[in-house]
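Undergrad: So here's entry13.txt (compact mmCIF, C-alpha atoms).
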```txt
# COMPACT_ATOMS: atom_id res chain seq x y z
CA MET U 16 18.23 108.02 -64.06
CA ASP U 17 18.18 108.05 -67.88
CA ALA U 18 21.59 109.24 -69.09
CA ASN U 19 19.87 111.26 -71.80
CA ASN U 20 18.24 113.43 -69.18
CA HIS U 21 21.09 113.63 -66.66
CA HIS U 22 22.46 117.00 -67.71
CA ARG U 23 19.06 118.57 -68.19
CA THR U 24 17.84 117.50 -64.75
CA ARG U 25 20.70 119.50 -63.21
CA LEU U 26 19.48 122.71 -64.85
CA PRO U 27 17.51 125.35 -62.95
CA ILE U 28 13.79 125.36 -63.71
CA ARG U 29 14.01 128.45 -65.93
CA ALA U 30 16.81 126.86 -67.99
CA LYS U 31 14.84 123.60 -68.34
CA LEU U 32 11.90 125.56 -69.66
CA ALA U 33 14.16 127.47 -72.07
CA THR U 34 15.67 124.29 -73.51
CA THR U 35 12.25 122.62 -73.82
CA VAL U 36 10.72 125.57 -75.66
CA GLY U 37 13.81 126.06 -77.80
CA ASP U 38 13.90 122.40 -78.79
CA ALA U 39 10.21 122.54 -79.69
CA ALA U 40 10.77 125.60 -81.88
CA ALA U 41 13.67 123.85 -83.60
CA SER U 42 11.48 120.82 -84.29
CA VAL U 43 8.76 123.00 -85.81
CA SER U 44 11.37 124.71 -87.99
CA ARG U 45 12.64 121.36 -89.26
CA LEU U 46 9.14 120.08 -89.97
CA ALA U 47 8.37 123.28 -91.87
CA GLY U 48 11.46 122.74 -94.04
CA LYS U 49 13.17 125.89 -92.77
CA GLY U 50 16.46 124.19 -91.97
CA ASP U 51 17.71 122.15 -89.03
CA GLY U 52 16.35 124.61 -86.45
CA SER U 53 19.75 125.25 -84.85
CA VAL U 54 19.48 129.03 -84.86
CA ILE U 55 15.82 129.63 -83.99
CA GLY U 56 15.85 127.08 -81.17
CA GLY U 57 18.95 128.61 -79.59
CA ARG U 58 17.69 132.16 -79.95
CA ILE U 59 14.44 131.39 -78.20
CA GLY U 60 16.26 129.52 -75.44
CA LEU U 61 18.63 132.45 -74.85
CA ARG U 62 15.75 134.91 -74.79
CA LEU U 63 14.08 132.94 -72.03
CA GLU U 64 17.34 132.35 -70.11
CA PRO U 65 20.27 134.65 -71.05
CA ASP U 66 22.74 132.43 -69.13
CA LEU U 67 21.60 129.26 -70.89
CA LEU U 68 24.90 128.69 -72.73
CA SER U 69 26.93 128.75 -69.52
CA LEU U 70 24.44 126.47 -67.78
CA LEU U 71 24.43 123.95 -70.62
CA ALA U 72 28.25 123.98 -70.91
CA ALA U 73 28.84 123.44 -67.19
CA GLY U 74 30.50 120.10 -66.46
CA ARG U 75 31.42 119.43 -70.08
CA GLN U 76 34.82 119.38 -71.76
CA VAL U 77 34.45 121.97 -74.52
CA VAL U 78 36.55 122.49 -77.63
CA LEU U 79 36.07 125.78 -79.49
CA VAL U 80 37.16 125.92 -83.14
CA THR U 81 37.64 129.26 -84.88
CA GLY U 82 39.36 130.91 -87.81
CA THR U 83 38.44 132.65 -91.04
CA ASN U 84 38.45 129.43 -93.08
CA GLY U 85 38.16 125.74 -92.29
CA LYS U 86 36.06 125.96 -89.12
CA THR U 87 33.27 123.61 -90.18
CA THR U 88 35.58 120.99 -91.64
CA THR U 89 37.97 121.07 -88.67
CA THR U 90 35.06 120.82 -86.24
CA ARG U 91 33.90 117.70 -88.07
CA LEU U 92 37.42 116.23 -88.09
CA ILE U 93 37.96 116.90 -84.37
CA THR U 94 34.61 115.30 -83.58
CA ALA U 95 35.71 112.23 -85.53
CA ALA U 96 39.18 112.18 -83.93
CA LEU U 97 37.64 112.16 -80.44
CA ALA U 98 35.27 109.28 -81.22
CA PRO U 99 37.60 106.67 -79.63
CA LEU U 100 36.82 108.23 -76.25
CA GLY U 101 33.32 106.77 -76.54
CA GLY U 102 29.97 108.39 -75.85
CA GLN U 103 28.11 111.05 -77.75
CA ILE U 104 29.85 114.30 -78.68
CA ALA U 105 27.86 117.53 -78.92
CA SER U 106 28.70 119.56 -82.01
CA ASN U 107 27.25 122.22 -84.27
CA ILE U 108 28.77 120.60 -87.35
CA TYR U 109 26.39 122.31 -89.79
CA GLY U 110 27.86 125.76 -89.25
CA ALA U 111 25.48 127.52 -86.80
CA ASN U 112 28.52 129.03 -85.11
CA MET U 113 27.24 131.82 -82.89
CA ASP U 114 25.88 131.52 -79.37
CA ALA U 115 22.44 130.37 -80.51
CA GLY U 116 23.93 127.52 -82.52
CA ALA U 117 26.07 126.43 -79.57
CA VAL U 118 23.02 126.44 -77.29
CA SER U 119 21.11 124.25 -79.74
CA ALA U 120 24.00 121.80 -80.07
CA LEU U 121 24.34 121.42 -76.30
CA SER U 122 20.59 121.27 -75.72
CA ARG U 123 20.13 118.48 -78.29
CA THR U 124 22.75 116.30 -76.60
CA PRO U 125 22.31 116.65 -72.82
CA GLU U 126 24.19 113.39 -72.19
CA ALA U 127 27.35 114.42 -74.09
CA ARG U 128 30.32 115.08 -71.84
CA ILE U 129 32.43 116.47 -74.69
CA ALA U 130 31.39 119.33 -77.00
CA VAL U 131 33.20 120.46 -80.16
CA LEU U 132 31.79 123.83 -81.16
CA GLU U 133 32.55 125.78 -84.31
CA THR U 134 32.74 129.44 -83.23
CA ASP U 135 32.49 132.62 -85.27
CA GLU U 136 35.68 134.68 -84.95
CA LYS U 137 33.90 137.58 -83.26
CA TYR U 138 32.33 135.33 -80.62
CA ILE U 139 35.50 133.80 -79.20
CA PRO U 140 35.74 136.17 -76.16
CA SER U 141 32.13 135.61 -75.09
CA MET U 142 32.27 131.87 -75.84
CA VAL U 143 35.46 131.45 -73.80
CA ARG U 144 33.81 133.21 -70.86
CA ALA U 145 30.57 131.23 -71.16
CA THR U 146 31.94 127.71 -71.76
CA SER U 147 35.33 127.65 -69.94
CA PRO U 148 36.75 125.51 -72.76
CA ARG U 149 39.36 122.82 -72.28
CA VAL U 150 40.79 123.57 -75.75
CA VAL U 151 40.54 126.52 -78.15
CA THR U 152 41.65 125.86 -81.71
CA LEU U 153 42.92 128.80 -83.81
CA LEU U 154 43.21 128.03 -87.53
CA ASN U 155 43.91 131.25 -89.46
CA LEU U 156 42.90 134.88 -89.70
CA SER U 157 42.38 136.89 -92.88
CA ARG U 158 39.96 139.41 -94.37
CA ASP U 159 36.39 138.19 -94.56
CA GLN U 160 33.15 140.08 -95.29
CA MET U 161 34.60 143.49 -94.50
CA ASP U 162 31.17 145.12 -94.47
CA ARG U 163 30.15 143.18 -91.35
CA ALA U 164 33.22 141.51 -89.79
CA ALA U 165 35.68 143.24 -87.48
CA GLU U 166 39.13 144.22 -88.73
CA ILE U 167 41.41 141.22 -88.32
CA TRP U 168 44.01 142.91 -86.10
CA LEU U 169 41.20 143.88 -83.73
CA LEU U 170 39.97 140.28 -83.74
CA ALA U 171 43.48 139.03 -82.97
CA ARG U 172 43.74 141.43 -80.03
CA ARG U 173 40.39 140.26 -78.65
CA TRP U 174 41.44 136.62 -79.01
CA ARG U 175 44.69 137.32 -77.19
CA GLU U 176 42.96 139.08 -74.30
CA ALA U 177 40.33 136.34 -73.95
CA LEU U 178 42.87 133.52 -73.97
CA GLU U 179 45.24 135.29 -71.59
CA ALA U 180 42.33 135.49 -69.13
CA ALA U 181 41.73 131.70 -69.41
CA PRO U 182 44.85 130.12 -67.89
CA ASP U 183 43.36 126.63 -67.65
CA CYS U 184 42.60 126.50 -71.38
CA ARG U 185 44.93 124.77 -73.83
CA VAL U 186 45.30 126.52 -77.19
CA VAL U 187 46.02 124.57 -80.38
CA ALA U 188 47.24 127.18 -82.84
CA ASN U 189 48.63 127.47 -86.37
CA ALA U 190 52.19 128.74 -85.91
CA ASP U 191 52.51 129.59 -89.61
CA ASP U 192 49.95 132.42 -89.37
CA PRO U 193 51.61 135.41 -87.63
CA LEU U 194 48.31 136.89 -86.43
CA VAL U 195 47.20 133.56 -84.97
CA ALA U 196 50.58 133.04 -83.33
CA TRP U 197 50.43 136.48 -81.74
CA ALA U 198 46.85 135.92 -80.54
CA ALA U 199 47.88 132.64 -78.89
CA GLY U 200 51.22 133.91 -77.65
CA ALA U 201 49.98 135.14 -74.26
CA SER U 202 48.37 131.79 -73.41
CA ARG U 203 49.97 129.59 -70.77
CA GLN U 204 49.40 126.29 -72.60
CA VAL U 205 49.90 126.22 -76.37
CA THR U 206 50.33 123.35 -78.81
CA TRP U 207 51.88 124.81 -81.95
CA VAL U 208 51.00 123.25 -85.30
CA ALA U 209 52.73 123.90 -88.63
CA ALA U 210 49.55 123.93 -90.70
CA GLY U 211 50.79 126.29 -93.41
CA GLN U 212 49.47 129.58 -94.75
CA ALA U 213 48.69 129.73 -98.46
CA TRP U 214 47.14 133.23 -98.29
CA ARG U 215 49.65 135.77 -96.97
CA GLU U 216 48.32 139.08 -98.24
CA ASP U 217 47.00 139.98 -94.76
CA SER U 218 50.12 139.10 -92.78
CA TRP U 219 53.11 141.01 -94.06
CA CYS U 220 53.29 143.21 -90.96
CA CYS U 221 54.35 142.15 -87.49
CA PRO U 222 51.25 141.92 -85.25
CA ASN U 223 53.39 142.82 -82.25
CA CYS U 224 55.03 146.05 -83.47
CA GLY U 225 53.68 146.75 -86.97
CA ASN U 226 56.99 146.51 -88.83
CA HIS U 227 57.55 144.46 -91.97
CA LEU U 228 57.90 140.71 -91.43
CA GLN U 229 60.73 138.71 -92.92
CA ARG U 230 59.35 135.56 -94.55
CA GLU U 231 61.27 132.56 -95.85
CA GLY U 232 59.14 129.55 -96.67
CA ASP U 233 56.79 129.00 -93.75
CA ASP U 234 59.18 130.71 -91.35
CA TRP U 235 58.57 134.32 -90.35
CA SER U 236 60.24 136.81 -88.04
CA CYS U 237 60.44 140.50 -87.19
CA LYS U 238 63.87 142.14 -87.08
CA GLU U 239 62.53 145.09 -85.09
CA CYS U 240 60.93 143.43 -82.05
CA GLY U 241 62.22 139.88 -82.36
CA ASP U 242 58.80 138.26 -82.64
CA ARG U 243 59.07 135.06 -84.65
CA ARG U 244 57.38 131.80 -85.57
CA PRO U 245 57.26 129.58 -82.49
CA PRO U 246 58.73 126.05 -82.51
CA VAL U 247 56.09 123.51 -83.52
CA SER U 248 55.04 120.14 -82.10
CA TRP U 249 52.90 118.95 -85.01
CA MET U 250 53.65 119.47 -88.69
CA LEU U 251 52.00 118.88 -92.04
CA TYR U 252 54.74 117.71 -94.42
CA GLY U 253 53.39 117.03 -97.90
CA ASP U 254 50.85 114.24 -97.49
CA GLU U 255 52.14 113.21 -94.07
CA VAL U 256 51.81 114.30 -90.47
CA ILE U 257 54.85 114.59 -88.24
CA ASP U 258 53.87 114.13 -84.60
CA PRO U 259 55.67 115.46 -81.48
CA SER U 260 57.91 112.38 -81.38
CA GLY U 261 59.21 113.21 -84.87
CA ARG U 262 57.53 110.19 -86.45
CA SER U 263 56.04 110.65 -89.92
CA THR U 264 52.68 109.02 -90.79
CA PRO U 265 50.76 109.14 -94.12
CA LEU U 266 47.45 110.98 -93.72
CA GLU U 267 45.58 109.20 -96.54
CA LEU U 268 42.46 111.35 -96.20
CA ALA U 269 39.25 111.00 -98.16
CA LEU U 270 38.84 114.80 -98.17
CA PRO U 271 40.77 116.55 -100.97
CA GLY U 272 43.36 119.32 -100.91
CA ARG U 273 46.17 120.69 -98.81
CA ALA U 274 43.84 122.80 -96.66
CA ASN U 275 42.04 119.69 -95.45
CA ARG U 276 45.32 117.94 -94.70
CA ALA U 277 46.21 120.95 -92.54
CA ASN U 278 42.81 120.79 -90.83
CA ALA U 279 43.36 117.11 -90.13
CA VAL U 280 46.74 117.72 -88.48
CA VAL U 281 45.10 120.31 -86.21
CA ALA U 282 42.39 117.77 -85.34
CA LEU U 283 45.02 115.17 -84.46
CA ALA U 284 46.75 117.67 -82.17
CA VAL U 285 43.46 118.33 -80.37
CA ALA U 286 42.85 114.60 -80.02
CA GLU U 287 46.27 114.21 -78.40
CA ALA U 288 45.28 116.81 -75.80
CA PHE U 289 42.43 114.43 -74.85
CA GLY U 290 44.73 111.41 -74.69
CA VAL U 291 43.63 109.81 -77.98
CA ARG U 292 46.48 107.97 -79.70
CA LEU U 293 47.45 109.08 -83.20
CA ALA U 294 46.59 105.76 -84.84
CA GLN U 295 43.12 105.75 -83.28
CA ALA U 296 42.36 109.36 -84.18
CA LEU U 297 43.70 109.05 -87.71
CA ARG U 298 41.57 105.99 -88.42
CA GLU U 299 38.45 108.02 -87.58
CA VAL U 300 39.58 111.11 -89.49
CA ARG U 301 40.19 109.05 -92.63
CA GLY U 302 36.54 108.01 -92.54
CA VAL U 303 35.26 111.58 -93.06
CA THR U 304 34.21 111.89 -96.70
CA SER U 305 31.96 114.96 -96.69
CA VAL U 306 31.25 117.92 -94.42
CA ALA U 307 27.77 119.53 -94.55
CA GLY U 308 27.59 118.89 -98.29
CA ARG U 309 31.13 120.05 -99.06
CA TYR U 310 33.11 117.77 -101.36
CA THR U 311 30.00 115.67 -101.89
CA GLN U 312 29.50 114.19 -105.35
CA VAL U 313 25.99 113.79 -106.69
CA SER U 314 24.63 112.79 -110.10
CA ARG U 315 22.27 115.11 -111.96
CA ARG U 316 20.94 114.21 -115.40
CA GLY U 317 23.91 111.96 -116.02
CA VAL U 318 26.49 114.51 -114.85
CA ASP U 319 28.59 113.94 -111.71
CA ILE U 320 28.63 117.17 -109.70
CA ARG U 321 31.07 117.97 -106.91
CA LEU U 322 30.30 120.85 -104.53
CA LEU U 323 33.06 123.09 -103.15
CA LEU U 324 32.58 126.04 -100.78
CA ALA U 325 34.69 129.21 -100.61
CA LYS U 326 33.73 132.48 -98.91
CA ASN U 327 36.67 134.90 -99.19
CA PRO U 328 39.97 135.35 -101.08
CA ALA U 329 41.88 132.87 -98.91
CA GLY U 330 39.12 130.29 -99.24
CA TRP U 331 38.90 130.67 -103.01
CA LEU U 332 42.65 130.26 -103.31
CA GLU U 333 42.43 126.94 -101.46
CA ALA U 334 39.33 125.79 -103.36
CA LEU U 335 40.79 126.53 -106.78
CA ASP U 336 43.67 124.21 -105.88
CA VAL U 337 41.15 121.41 -105.28
CA VAL U 338 39.18 121.88 -108.52
CA ALA U 339 39.71 119.01 -110.93
CA PRO U 340 42.06 119.84 -113.81
CA ALA U 341 40.92 120.57 -117.36
CA PRO U 342 38.91 119.55 -119.24
CA ALA U 343 36.41 119.29 -116.35
CA PRO U 344 34.02 122.27 -116.61
CA VAL U 345 33.69 124.62 -113.66
CA LEU U 346 30.64 126.49 -112.35
CA LEU U 347 31.45 129.56 -110.24
CA ALA U 348 28.65 131.15 -108.22
CA VAL U 349 28.55 134.22 -105.97
CA ASN U 350 25.73 135.74 -103.92
CA ALA U 351 25.89 138.79 -101.65
CA GLN U 352 23.26 138.07 -99.02
CA GLY U 353 23.72 138.74 -95.32
CA PRO U 354 25.75 135.60 -94.52
CA ASP U 355 28.00 136.28 -97.52
CA GLY U 356 28.61 139.96 -96.87
CA ARG U 357 27.10 142.55 -99.20
CA ASP U 358 30.42 143.73 -100.63
CA THR U 359 31.81 141.70 -103.56
CA SER U 360 34.97 143.77 -104.06
CA TRP U 361 36.96 140.86 -102.57
CA LEU U 362 36.61 139.12 -105.93
CA TRP U 363 39.42 141.34 -107.20
CA ASP U 364 41.82 139.71 -104.74
CA VAL U 365 41.23 136.25 -106.26
CA ASP U 366 43.51 135.16 -109.12
CA PHE U 367 41.25 133.51 -111.71
CA ARG U 368 43.87 133.31 -114.45
CA ARG U 369 44.37 129.59 -113.85
CA LEU U 370 40.89 129.08 -115.35
CA ARG U 371 41.90 130.47 -118.76
CA GLY U 372 41.06 128.12 -121.58
CA ARG U 373 38.61 126.10 -119.50
CA ASN U 374 34.86 125.66 -119.85
CA VAL U 375 33.69 128.13 -117.17
CA LEU U 376 30.07 128.79 -116.22
CA VAL U 377 29.04 131.69 -113.99
CA GLY U 378 25.96 131.71 -111.75
CA GLY U 379 24.61 133.16 -108.54
CA GLU U 380 22.77 136.37 -107.78
CA ARG U 381 25.90 138.46 -108.36
CA ARG U 382 27.05 136.67 -111.47
CA LEU U 383 27.54 139.96 -113.32
CA ASP U 384 30.05 141.11 -110.69
CA LEU U 385 31.90 137.84 -111.14
CA ALA U 386 31.66 138.13 -114.92
CA VAL U 387 33.38 141.52 -114.89
CA ARG U 388 36.13 140.09 -112.71
CA LEU U 389 36.67 137.15 -115.06
CA GLU U 390 36.80 139.44 -118.08
CA ALA U 391 39.61 141.38 -116.41
CA ASP U 392 41.56 138.10 -116.07
CA ASP U 393 40.79 137.14 -119.68
CA VAL U 394 38.74 134.10 -118.67
CA GLN U 395 36.01 133.10 -121.12
CA PHE U 396 32.67 132.10 -119.55
CA ARG U 397 28.95 131.56 -120.03
CA LEU U 398 26.25 132.93 -117.72
CA VAL U 399 23.70 130.50 -116.27
CA SER U 400 20.75 131.05 -113.97
CA SER U 401 20.53 127.65 -112.23
CA ILE U 402 22.38 124.42 -111.55
CA ASP U 403 20.20 122.62 -114.09
CA GLU U 404 21.00 125.19 -116.78
CA ALA U 405 24.68 124.61 -116.03
CA VAL U 406 24.25 120.85 -116.37
CA ASP U 407 22.42 121.28 -119.68
CA ALA U 408 25.14 123.63 -120.91
CA ILE U 409 27.87 121.02 -120.59
CA ARG U 410 25.94 117.97 -121.80
CA PRO U 411 26.63 115.71 -123.60
CA GLY U 412 30.29 116.65 -123.84
CA SER U 413 31.15 116.28 -120.17
CA ALA U 414 30.25 113.74 -117.52
CA SER U 415 31.38 115.88 -114.56
CA LEU U 416 31.03 119.40 -113.21
CA GLU U 417 33.02 121.16 -110.48
CA VAL U 418 30.90 123.70 -108.56
CA LEU U 419 32.64 126.41 -106.55
CA ALA U 420 30.28 128.75 -104.69
CA ASN U 421 30.18 131.13 -101.74
CA TYR U 422 27.97 130.45 -98.74
CA THR U 423 24.36 131.16 -99.73
CA ALA U 424 24.95 130.19 -103.37
CA PHE U 425 26.36 126.88 -102.12
CA GLN U 426 23.32 126.32 -99.91
CA GLN U 427 20.95 127.11 -102.79
CA TYR U 428 22.65 124.59 -105.05
CA ARG U 429 22.80 122.05 -102.23
CA THR U 430 19.04 122.40 -101.72
CA ALA U 431 18.37 122.15 -105.47
CA LEU U 432 20.36 118.91 -105.53
CA GLY U 433 18.36 117.40 -102.68
CA ARG U 434 20.13 118.76 -99.56
CA VAL U 435 23.16 116.52 -100.13
CA GLN U 436 25.22 115.64 -97.06
```
With the file now loaded, output its structure as structure tokens.

TA:
Amino acid sequence: MDANNHHRTRLPIRAKLATTVGDAAASVSRLAGKGDGSVIGGRIGLRLEPDLLSLLAAGRQVVLVTGTNGKTTTTRLITAALAPLGGQIASNIYGANMDAGAVSALSRTPEARIAVLETDEKYIPSMVRATSPRVVTLLNLSRDQMDRAAEIWLLARRWREALEAAPDCRVVANADDPLVAWAAGASRQVTWVAAGQAWREDSWCCPNCGNHLQREGDDWSCKECGDRRPPVSWMLYGDEVIDPSGRSTPLELALPGRANRANAVVALAVAEAFGVRLAQALREVRGVTSVAGRYTQVSRRGVDIRLLLAKNPAGWLEALDVVAPAPAPVLLAVNAQGPDGRDTSWLWDVDFRRLRGRNVLVGGERRLDLAVRLEADDVQFRLVSSIDEAVDAIRPGSASLEVLANYTAFQQYRTALGRVQ
């Protein structure tokens, strides 16, 4: 029997039909230039067979990856870290992170025995029930798109309940984020990672009792109930990873910034849970240079452009740390479409003062909202309506441009630049 068809032949007739029709719809969507078809194919499949996700996940070793920030990158890094195991790995590495996207990823790769699935924070309970994951990875939890996302303490409670009800699942969790640590705390098998927490404005209160947390460096504790940061097995220390044996190894990543070093340490911890040796996993992780267009550099009219994505205050804090120093000009872009969240008030939680004195361009559909915010931080800027206008605005004085955009603005620029990978 063809290995490519092995998993699909085990499906009930209705599920086979659902995957066939869904795959066909995805192909039509791709041919029509509407994207990679991940969402529409999965939606149609689930409409025809509501249990399709569970049926497709059966018999596979599933890793779920969730958090407010870093999901897509960490999913890509885990997929790379598991490559030494051999065989194809199913993954929704382009960010279709709800049930439809997971269905499409599994349907496209029926022969894959391992699946690494980025998962929207709200979908963790249903995804845990449907896929019976071997590993769930919890990165961080902070405010994000408050007009459509659940309150983060409610999300943490739902995570905790879902993981407590999955005793066979190993959790790889960021011990430096109190909400994540509390959510993972009821699990029977936890690998704790010191991945850091740059954004702390959403975690000053104890998630267990609500009292004020004591924080000293990365350590945190509650004097009222005794809840505290758990002891860690893996640690990010500067540019190095410290593994459970206490050995320190340089990361030497191609991806920039501290946040990506933290994501890589998490990926290495997941790989260990699958029996992949550190040296093998790290070799693969070092080979990741771009993630769905993020960090990609592309030339446009003689200007080297680098694309960075940030979707909320915590993400912008991390991204601003990655932006090249002056005098490199910076293009900031914000939209407020459905995937972004309609509310742009979060901009007031981002500290833009570090951009004072730089050549700053402002684009996106909500560029006036961003302009008002920059004025309040005394940052000078110029409004632009497109990526090409931004390029023309900095020529011939600069040969590079840093672009920092939220989700749909990022995708618009990525498309304008030729759907860079």

Undergrad: Identify, on the basis of all atoms listed in the file, every residue whose closest approach to stretch 280-291 of chain U does not exceed 10 Å; exclude the query and any residue fewer than 2 positions from it along the same chain; express the result as a CSV table (one decimal) with C-alpha atoms, in the coordinates of the input.

TA:
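The new file result.csv reads:
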```csv
chain,number,residue,atom,x,y,z
U,76,GLN,CA,34.8,119.4,-71.8
U,78,VAL,CA,36.6,122.5,-77.6
U,80,VAL,CA,37.2,125.9,-83.1
U,88,THR,CA,35.6,121.0,-91.6
U,89,THR,CA,38.0,121.1,-88.7
U,90,THR,CA,35.1,120.8,-86.2
U,91,ARG,CA,33.9,117.7,-88.1
U,92,LEU,CA,37.4,116.2,-88.1
U,93,ILE,CA,38.0,116.9,-84.4
U,94,THR,CA,34.6,115.3,-83.6
U,95,ALA,CA,35.7,112.2,-85.5
U,96,ALA,CA,39.2,112.2,-83.9
U,97,LEU,CA,37.6,112.2,-80.4
U,98,ALA,CA,35.3,109.3,-81.2
U,99,PRO,CA,37.6,106.7,-79.6
U,100,LEU,CA,36.8,108.2,-76.2
U,149,ARG,CA,39.4,122.8,-72.3
U,150,VAL,CA,40.8,123.6,-75.8
U,151,VAL,CA,40.5,126.5,-78.2
U,152,THR,CA,41.6,125.9,-81.7
U,153,LEU,CA,42.9,128.8,-83.8
U,154,LEU,CA,43.2,128.0,-87.5
U,185,ARG,CA,44.9,124.8,-73.8
U,186,VAL,CA,45.3,126.5,-77.2
U,187,VAL,CA,46.0,124.6,-80.4
U,188,ALA,CA,47.2,127.2,-82.8
U,189,ASN,CA,48.6,127.5,-86.4
U,206,THR,CA,50.3,123.4,-78.8
U,207,TRP,CA,51.9,124.8,-82.0
U,208,VAL,CA,51.0,123.2,-85.3
U,209,ALA,CA,52.7,123.9,-88.6
U,210,ALA,CA,49.6,123.9,-90.7
U,248,SER,CA,55.0,120.1,-82.1
U,249,TRP,CA,52.9,119.0,-85.0
U,250,MET,CA,53.6,119.5,-88.7
U,251,LEU,CA,52.0,118.9,-92.0
U,252,TYR,CA,54.7,117.7,-94.4
U,255,GLU,CA,52.1,113.2,-94.1
U,256,VAL,CA,51.8,114.3,-90.5
U,257,ILE,CA,54.8,114.6,-88.2
U,258,ASP,CA,53.9,114.1,-84.6
U,259,PRO,CA,55.7,115.5,-81.5
U,266,LEU,CA,47.4,111.0,-93.7
U,275,ASN,CA,42.0,119.7,-95.4
U,276,ARG,CA,45.3,117.9,-94.7
U,277,ALA,CA,46.2,121.0,-92.5
U,278,ASN,CA,42.8,120.8,-90.8
U,293,LEU,CA,47.4,109.1,-83.2
U,294,ALA,CA,46.6,105.8,-84.8
U,295,GLN,CA,43.1,105.8,-83.3
U,296,ALA,CA,42.4,109.4,-84.2
U,297,LEU,CA,43.7,109.0,-87.7
U,300,VAL,CA,39.6,111.1,-89.5
```

Undergrad: Please enclose the listed atoms of stretch 165-180 of chain U in an axis-aligned box, pad each side by 8 Å, and write out the centre and the three edge lengths in Å, rounded to one decimal, as lines of an AutoDock Vina configuration file.

TA:
```
center_x = 40.5
center_y = 138.9
center_z = -78.9
size_x = 25.6
size_y = 26.7
size_z = 35.6
```

Undergrad: Would you be able to write out as a list in words which residues have an atom within 12 Å of (9.9, 133.9, -79.0) in the file's coordinates, counting only C-alpha atoms?

TA: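 So the residues meeting the distance criterion are Ala33, Val36, Gly37, Ala39, Ala40, Ala41, Ile55, Gly56, Gly57, Arg58, Ile59, Gly60, Leu61, Arg62, Leu63 and Glu64 of chain U.
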
Undergrad: For stretch 292-368 of chain U against stretch 416-423 of chain U, with a cut-off of 10 Å and counting all atoms listed in the file, what is the closest atom pair and its distance in Å to one decimal for every residue that makes the cut, ordered by chain and number, as JSON lines?

TA:
```
{"residue": "U:Arg309", "atom": "CA", "partner": "U:Leu419", "partner_atom": "CA", "distance": 9.9}
{"residue": "U:Tyr310", "atom": "CA", "partner": "U:Val418", "partner_atom": "CA", "distance": 9.6}
{"residue": "U:Gln312", "atom": "CA", "partner": "U:Glu417", "partner_atom": "CA", "distance": 9.3}
{"residue": "U:Val313", "atom": "CA", "partner": "U:Leu416", "partner_atom": "CA", "distance": 10.0}
{"residue": "U:Ser314", "atom": "CA", "partner": "U:Leu416", "partner_atom": "CA", "distance": 9.7}
{"residue": "U:Arg315", "atom": "CA", "partner": "U:Leu416", "partner_atom": "CA", "distance": 9.8}
{"residue": "U:Val318", "atom": "CA", "partner": "U:Leu416", "partner_atom": "CA", "distance": 6.9}
{"residue": "U:Asp319", "atom": "CA", "partner": "U:Leu416", "partner_atom": "CA", "distance": 6.2}
{"residue": "U:Ile320", "atom": "CA", "partner": "U:Leu416", "partner_atom": "CA", "distance": 4.8}
{"residue": "U:Arg321", "atom": "CA", "partner": "U:Glu417", "partner_atom": "CA", "distance": 5.2}
{"residue": "U:Leu322", "atom": "CA", "partner": "U:Val418", "partner_atom": "CA", "distance": 5.0}
{"residue": "U:Leu323", "atom": "CA", "partner": "U:Leu419", "partner_atom": "CA", "distance": 4.8}
{"residue": "U:Leu324", "atom": "CA", "partner": "U:Ala420", "partner_atom": "CA", "distance": 5.3}
{"residue": "U:Ala325", "atom": "CA", "partner": "U:Asn421", "partner_atom": "CA", "distance": 5.0}
{"residue": "U:Lys326", "atom": "CA", "partner": "U:Asn421", "partner_atom": "CA", "distance": 4.7}
{"residue": "U:Asn327", "atom": "CA", "partner": "U:Asn421", "partner_atom": "CA", "distance": 7.9}
{"residue": "U:Gly330", "atom": "CA", "partner": "U:Asn421", "partner_atom": "CA", "distance": 9.3}
{"residue": "U:Trp331", "atom": "CA", "partner": "U:Leu419", "partner_atom": "CA", "distance": 8.4}
{"residue": "U:Ala334", "atom": "CA", "partner": "U:Leu419", "partner_atom": "CA", "distance": 7.4}
{"residue": "U:Leu335", "atom": "CA", "partner": "U:Leu419", "partner_atom": "CA", "distance": 8.2}
{"residue": "U:Val337", "atom": "CA", "partner": "U:Glu417", "partner_atom": "CA", "distance": 9.7}
{"residue": "U:Val338", "atom": "CA", "partner": "U:Glu417", "partner_atom": "CA", "distance": 6.5}
{"residue": "U:Ala339", "atom": "CA", "partner": "U:Glu417", "partner_atom": "CA", "distance": 7.0}
{"residue": "U:Pro340", "atom": "CA", "partner": "U:Glu417", "partner_atom": "CA", "distance": 9.7}
{"residue": "U:Pro342", "atom": "CA", "partner": "U:Leu416", "partner_atom": "CA", "distance": 9.9}
{"residue": "U:Ala343", "atom": "CA", "partner": "U:Leu416", "partner_atom": "CA", "distance": 6.2}
{"residue": "U:Pro344", "atom": "CA", "partner": "U:Leu416", "partner_atom": "CA", "distance": 5.4}
{"residue": "U:Val345", "atom": "CA", "partner": "U:Glu417", "partner_atom": "CA", "distance": 4.7}
{"residue": "U:Leu346", "atom": "CA", "partner": "U:Val418", "partner_atom": "CA", "distance": 4.7}
{"residue": "U:Leu347", "atom": "CA", "partner": "U:Leu419", "partner_atom": "CA", "distance": 5.0}
{"residue": "U:Ala348", "atom": "CA", "partner": "U:Ala420", "partner_atom": "CA", "distance": 4.6}
{"residue": "U:Val349", "atom": "CA", "partner": "U:Asn421", "partner_atom": "CA", "distance": 5.5}
{"residue": "U:Asn350", "atom": "CA", "partner": "U:Thr423", "partner_atom": "CA", "distance": 6.4}
{"residue": "U:Ala351", "atom": "CA", "partner": "U:Thr423", "partner_atom": "CA", "distance": 8.0}
{"residue": "U:Gln352", "atom": "CA", "partner": "U:Thr423", "partner_atom": "CA", "distance": 7.0}
{"residue": "U:Gly353", "atom": "CA", "partner": "U:Thr423", "partner_atom": "CA", "distance": 8.8}
{"residue": "U:Pro354", "atom": "CA", "partner": "U:Thr423", "partner_atom": "CA", "distance": 7.0}
{"residue": "U:Asp355", "atom": "CA", "partner": "U:Tyr422", "partner_atom": "CA", "distance": 6.0}
{"residue": "U:Gly356", "atom": "CA", "partner": "U:Tyr422", "partner_atom": "CA", "distance": 9.7}
```
